[in-house]
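Worksheet for the structure shown next.
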Number of protein chains: 2
Amino acid sequence: MDTQAKPSPRDRLLDAATELFYREGVSTGIDALCKAAGVSKRSMYQLFDSKDEVMAAALERRAPGYAALLLPAADDPRPPRARVLHVFERLEELSRAEDYRGCPFLAAQVELKDGAHPASVVAARVKQALTDFFRTEAERGGAADPALLARQLTLVFDGASARAGAAGESLAGLVVPTATALLDAAGLR
Amino acid sequence: MDTQAKPSPRDRLLDAATELFYREGVSTGIDALCKAAGVSKRSMYQLFDSKDEVMAAALERRAPGYAALLLPAADDPRPPRARVLHVFERLEELSRAEDYRGCPFLAAQVELKDGAHPASVVAARVKQALTDFFRTEAERGGAADPALLARQLTLVFDGASARAGAAGESLAGLVVPTATALLDAAGLR
DNA sequence: GGGGTCGTACACCGATCGGTTTCCTCGCGG
DNA sequence: CCGCGAGGAAACCGATCGGTGTACGACCCC
């Protein structure tokens, strides 16, 4: 039986990639990655075409869980305002962990300056999904300018992620009030 | 006369470092840097102890000009609100350049995940100076919570920098309204 | 029990990394 | 004119980079 069997090489690889690329940055070497995953380089290159593809796949795999972590449940009956604030409350919570280094997708985009990089494309899509969520809620809540509000909220989210990653600065008491001020200004119910 | 003479090796090195580390990232190699600067590696290592020191020195050198670019003149007689908004107006202007990649100090902090890195220390100091400016103006303008407002404004500034660097997203029409909303919420005159 | 397949271990490739050293050519003061 | 130091070109160092080639062991299905 495999009650305690290890996951597939592919999964081990992506788990290690998620961990290492997030903690050590994109300059993490293939050797270190494979050693951490307990997978030979040979196998890695049969599963993926290149290191870049591993990065992209790792981000891709992380996306659903990340969304589930931040977004309110789809059937959360609260009004748009509360649903939006939920995201920032969760963000503040996450930032309390001492190993929190900001949004991994934003970090990937910043580190890989090339926006055409496969991993950067994935990250952009995830960030766009967040903006889309904000925008939908802004429309539902009757914001004066839903598109603007959505971009503003994403701006705050990314600012918080960047500062958390850069300075390890605490986000407590900062993010939610800021988002609230923007919601107020936009007249979101 | 030296009307068209080249600057000192040190200056050429720091100019090239500023350029390359900003555009290509911290993974830029020493060879590329020295070639771009027209300085031999040997000379470089007589002027600096390590690549890390070059990075730090380049950021250090860039700091005053960066402040001058963003901050209002010290004797700018406008009220605090206008002086704060000046920063964000300048930021929007900068972001119109197609090669703008966000705040170089923030980028350095994000790329070098190690906050103890010499260049990261310099960057943190510069960012703190910006927050201090915001805080001073917030106090002068009678903000309800000057420290909070200062952190919020820095948050927006960094968010804008991160997104500009990551997605090449336009900041036009986004940053100033966001800052304005926060100023309003804080009751800054 | 023989393929076939999957994955590992490991040597290996050329390139590049940060950093050091050697050599040689300048310019400048005596 | 000579001596000397500064600085550039480039070889060199061991390590590591992303990526391959090869050989061998574990397993599975006939």
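Each chain in the structure tokens gets a letter, A, B and so on, in the order shown; residues start at 1 in every chain, and ligands are counted from 1 in the order they appear.
Using only C-alpha atoms (C1' of nucleotides), we find that the part of chain D lying within 9 Å of chain B comprises D:DG7, D:DG8, D:DA9.
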Identify all chain A residues at most 9 Å from chain B by counting only C-alpha atoms; ligands do not count. Present them as a count of residues only. 45
Enumerate as a ChimeraX atom specification the residues belonging to chain B that approach chain C to within 10 Å, with only C-alpha atoms (C1' of nucleotides) taken into account. /B:27-31,41-42,45,49-51
Any chance you can output those residues with C-alpha atoms as a CSV table (one decimal), in the first residue's frame?
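Heads up, here's the output in again_22.csv:
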chain,number,residue,atom,x,y,z
B,27,SER,CA,22.4,38.6,-12.2
B,28,THR,CA,24.4,40.8,-14.6
B,29,GLY,CA,27.9,39.5,-14.6
B,30,ILE,CA,31.1,41.3,-13.7
B,31,ASP,CA,32.6,40.8,-17.1
B,41,LYS,CA,38.3,43.9,-13.8
B,42,ARG,CA,41.6,44.5,-12.2
B,45,TYR,CA,38.6,45.2,-7.8
B,49,ASP,CA,36.0,44.9,-2.6
B,50,SER,CA,33.3,42.9,-4.4
B,51,LYS,CA,30.4,43.0,-6.8
Once DSSP has gone over the backbone, tell me which residues of stretch 13-127 of chain A are in alpha helix (DSSP H), as a ChimeraX atom specification. /A:13-24,30-37,41-47,51-70,80-96,104-111,118-127
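Counting only C-alpha atoms (C1' of nucleotides), B:Leu91 has the following residues at most 7 Å away, ignoring those fewer than 4 positions along the same chain: Leu70, Val87 and Ser95 of chain B.
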How would the residues just picked look written out with N, CA and C atoms as an mmCIF file, in the first residue's frame?
data_model
loop_
_atom_site.group_PDB
_atom_site.id
_atom_site.type_symbol
_atom_site.label_atom_id
_atom_site.label_comp_id
_atom_site.auth_asym_id
_atom_site.auth_seq_id
_atom_site.Cartn_x
_atom_site.Cartn_y
_atom_site.Cartn_z
ATOM 1 N N LEU B 70 11.940 63.160 -7.631
ATOM 2 C CA LEU B 70 10.590 62.864 -7.143
ATOM 3 C C LEU B 70 10.049 63.904 -6.167
ATOM 4 N N VAL B 87 4.936 64.085 -5.688
ATOM 5 C CA VAL B 87 5.697 62.839 -5.836
ATOM 6 C C VAL B 87 4.987 61.892 -6.792
ATOM 7 N N SER B 95 6.811 56.985 -15.384
ATOM 8 C CA SER B 95 6.321 55.696 -15.881
ATOM 9 C C SER B 95 5.910 55.777 -17.349
#
